[in-house]
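Chemist: Once you've had a glance at the structure underneath, I'll fire off some questions.
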Amino acid sequence: MPRVPLWVHLVALAVLLLLSAFFSITETAMMAINRLRLRHLVRQGNAAARRTQTLLDRTDRLLSVLLIGNNLANTAATALVAALSIYDLGDQQWGLAAATVLIAFLILVFSEITPKIIGATYPEPIALAASFVLRPILWIATPAVWFVNLFVHLILRVLRLARTQNMLETHPVTPEELRTLVLEGSNFIPGKHRSMLLNVFDLEALSVDDVMTPRPSIEGIDLDQPFEAVLDQLTTCYHNKLPVFEGDISRVVGILHVRKLLPVLAEGKPEVEAMRQLLVDPYWIPTGTSLLQQLQMFQDNRQRLGLVVDEYGDLLGLVTVDDIVEEIVGEFTTQAPGTSASSLRWGTNGQVIVDGTVSLRLLNRRLALALPLDGPKTLNGLLLERLEQIPDGPCCLQLPGCNIEVVQILDQAVRSVRLIRVPAIPGQ
């Protein structure tokens with residue numbers, strides 16, 4: 001038989017290497033493509049994305065046809081080089097060995113490593129473009145894919161491994177992975193939006209105890225005091241809704257909507273009786289309720305204010321919808337005078353005086369501290385836990401990032417504290 005020209009063999013070898021490179025680059029691009037981005041393109045009506053999504057819906061068939069094509073091309077290229085070596089050099093062992101090393105080098109460089117690096121670097125455009133070619137190839141190779149998969153599924157069944165068709169559905173995105181996506185998208189998501197998204201993820205880990213106004217700081221109306229004192233309190237009141245109690249804050253009888261009381265007073269009706277008629281039943285919240293759950297409960301029950309109680313029914317604090325929303329979007333400017341967290345700033349001397357009832361989370365946020373949050377919720381609680389007693393006079397405590405100096409003690413509680421910033425030591 002006449003010998004085929006050498007250039008024909010070289011062209012055939014180049015074609016086989018290109019085919020192998022195509023299957024390699026396509027396999028890597030298909031597996032590396034961002035599935036969420038792909039679904040977004042499908043919703044936008046991108047035809048290539050729809051074809052790619054259809055291929056990825058049956059990952060087992062897609063991988064089968066890619067690997068079959070890749071291995072057939074590599075095997076054919078190896079056989080071609082071996083045949084050329086034997087035909088030209090005869091039965092020479094060194095020639096066959098040299099041909100094996102040469103084809104292995106060509107396959108690794110031009111058909112495996114380089115294409116897969118490119119496919120991993122640019123997965124989306126390569127996968128979308130390759131979908132035009134893969135669909136007819138998959139249809140043509142259906143019998144071969146079916147035959148090969150018979151043995152694959154048999155082996156998987158023996159190993160008791162579940163079949164994987166759609167990798168995105170088999171491995172759903174977890175909240176931790178979503179958090180990572182948000183953090184890594186810092187170049188595309190504005191800082192304020194990124195902060196809000198991260199705060200939403202934290203709602204499940206936080207409870208109403210973390211954001212509530214503690215019982216000693218609750219502003220309410222005592223019905224046992226003279227009504228003139230009540231009117232004075234309403235005149236200077238900043239809140240629209242106030243808990244109403246008798247004698248002690250723990251004996252709450254209802255919630256008063258202040259604006260509804262003003263027209264009644266203008267009509268000259270009996271004061272206390274008119275106020276009692278306007279009261280609505282308190283909305284009670286068990287301690288430890290997560291913020292995400294409580295936000296949903298506020299919405300379902302059409303409430304905006306709730307009183308937090310412990311397992312014995314004792315009042316612990318007050319929480320509102322605004323308290324929860326502020327954990328997501330940040331602090332509002334509509335806070336009561338003197339309670340705004342904007343006053344929590346380091347002075348020029350690196351010191352700041354704060355109230356003992358201030359929450360640790362607020363201090364960490366405003367002063368860039370790292371006070372522990374797994375125990376007490378307020379600065380007073382943290383000091384009592386660390387000192388293991390109620391201090392009887394001024395004292396100091398050293399914590400990471402700051403020194404704490406107790407300034408004032410009143411009614412068995414720390415009322416005023418001076419924080420002294422400690423500069424961070426490089427390398428620590």
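Residues are referred to by chain and number: the chain letter is A, B, ... according to the order shown in the structure tokens, the number counts from 1 in that chain, and ligands are numbered separately from 1 in the order shown.
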Just the alpha helix (DSSP H) stuff from region 57-302 of chain A, please, per backbone DSSP, written as a count of residues only.
Modeler: 157
Chemist: Give me, as a ChimeraX atom specification, all polymer residues having an atom no more than 7 Å from region 366-371 of chain A, counting only C-alpha atoms and skipping those fewer than 3 positions away in the same chain.
Modeler: /A:344-346,360,362-363,400-401
Chemist: Can you measure CA of Asn199 (chain A) to CA of Asp374 (chain A) for me? One decimal in Å is fine.
Modeler: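 Atom-to-atom, CA of Asn199 (chain A) to CA of Asp374 (chain A), that is 17.8 Å.
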Chemist: Which residue is closest to Met31 (chain A)? Choose from A:Arg50, A:Lys116, A:His153, A:Arg43 and count only C-alpha atoms.
Modeler: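 Distance minimum relative to Met31 (chain A) lands on A:Lys116.
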Chemist: Write out as JSON, numbers by chain which residues come within 10 Å of Met196 (chain A) when counting only C-alpha atoms, dropping same-chain ones fewer than 2 positions away.
Modeler: {"A": [191, 192, 193, 194, 198, 199, 200, 201, 202, 326, 327, 328, 329, 330]}
Chemist: Each residue of region 9-117 of chain A lying at most 8 Å from region 144-148 of chain A should get a row with its shortest atom-to-atom pair and the distance in Å to one decimal, counting only C-alpha atoms; could you produce that, ordered by chain and increasing number, as CSV?
Modeler:
```
residue,atom,partner,partner_atom,distance
A:Arg61,CA,A:Val145,CA,6.7
A:Ser64,CA,A:Val145,CA,6.0
A:Val65,CA,A:Val145,CA,6.2
```
Chemist: Mind giving me the straight-line distance from CA of Arg35 (chain A) to CA of Thr174 (chain A) in Å, one decimal?
Modeler: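 CA of Thr174 (chain A) lies 14.2 Å from CA of Arg35 (chain A).
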Chemist: Need to verify the contact set: Val258 (chain A), 12 Å, only C-alpha atoms, exclusion of same-chain residues closer than 3 positions in sequence. Can you return it as a list in words?
Modeler: Gly220, Ile221, Val230, Leu231, Gln233, Leu234, Thr235, Thr236, Cys237, Tyr238, His239, Asn240, Lys241, Leu242, Pro243, Val244, Ile255, Leu261, Leu262, Pro263, Val264, Leu265, Met275, Leu278, Leu279 and Val280 of chain A
Chemist: Give me, as JSON lines, each residue of region 98-215 of chain A that comes within 12 Å of region 376-385 of chain A, together with its shortest interatomic pair and the distance in Å at one decimal, counting only C-alpha atoms, with rows ordered by chain and rising residue number.
Modeler:
```
{"residue": "A:Leu206", "atom": "CA", "partner": "A:Lys377", "partner_atom": "CA", "distance": 11.4}
{"residue": "A:Ser207", "atom": "CA", "partner": "A:Lys377", "partner_atom": "CA", "distance": 10.9}
{"residue": "A:Val208", "atom": "CA", "partner": "A:Lys377", "partner_atom": "CA", "distance": 10.9}
{"residue": "A:Asp209", "atom": "CA", "partner": "A:Lys377", "partner_atom": "CA", "distance": 7.6}
{"residue": "A:Asp210", "atom": "CA", "partner": "A:Lys377", "partner_atom": "CA", "distance": 6.3}
{"residue": "A:Val211", "atom": "CA", "partner": "A:Lys377", "partner_atom": "CA", "distance": 8.9}
{"residue": "A:Met212", "atom": "CA", "partner": "A:Lys377", "partner_atom": "CA", "distance": 9.9}
{"residue": "A:Thr213", "atom": "CA", "partner": "A:Thr378", "partner_atom": "CA", "distance": 10.6}
{"residue": "A:Pro214", "atom": "CA", "partner": "A:Thr378", "partner_atom": "CA", "distance": 9.2}
```
Chemist: Env of Thr52 (chain A): 7 Å cut, atoms = only C-alpha atoms, seq-sep filter 2 positions within chain, self excluded. Answer as a ChimeraX atom specification.
Modeler: /A:48-50,54-56,127-128,131
Chemist: Grab the residues selected above and save them as a PDB file, in the first residue's frame with C-alpha atoms.
Modeler:
```pdb
ATOM      1  CA  ALA A  48     -26.808  30.257  25.055  1.00  0.00           C
ATOM      2  CA  ALA A  49     -27.259  30.307  28.843  1.00  0.00           C
ATOM      3  CA  ARG A  50     -30.471  28.292  28.483  1.00  0.00           C
ATOM      4  CA  THR A  54     -29.998  22.307  29.990  1.00  0.00           C
ATOM      5  CA  LEU A  55     -26.657  20.532  29.609  1.00  0.00           C
ATOM      6  CA  LEU A  56     -25.772  21.056  33.269  1.00  0.00           C
ATOM      7  CA  ALA A 127     -19.153  27.382  28.315  1.00  0.00           C
ATOM      8  CA  LEU A 128     -21.792  29.461  26.523  1.00  0.00           C
ATOM      9  CA  SER A 131     -22.981  24.758  24.231  1.00  0.00           C
TER      10      SER A 131
END
```
Chemist: How many Å separate CA of Thr59 (chain A) from CA of Glu27 (chain A)?
Modeler: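 It comes out at 10.6 Å.
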Chemist: With only C-alpha atoms as the basis for distance, which of A:Ala413, A:Leu17, A:Ile353, A:Val272 is at the shortest distance from Gln389 (chain A)?
Modeler: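 Distance minimum relative to Gln389 (chain A) lands on A:Ala413.
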Chemist: Find, counting only C-alpha atoms, the residue in A:Leu108, A:Ile137, A:Val406, A:Leu41 that gets nearest to Leu62 (chain A).
Modeler: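 Ranking A:Leu108, A:Ile137, A:Val406, A:Leu41 by distance to Leu62 (chain A), first place goes to A:Ile137.
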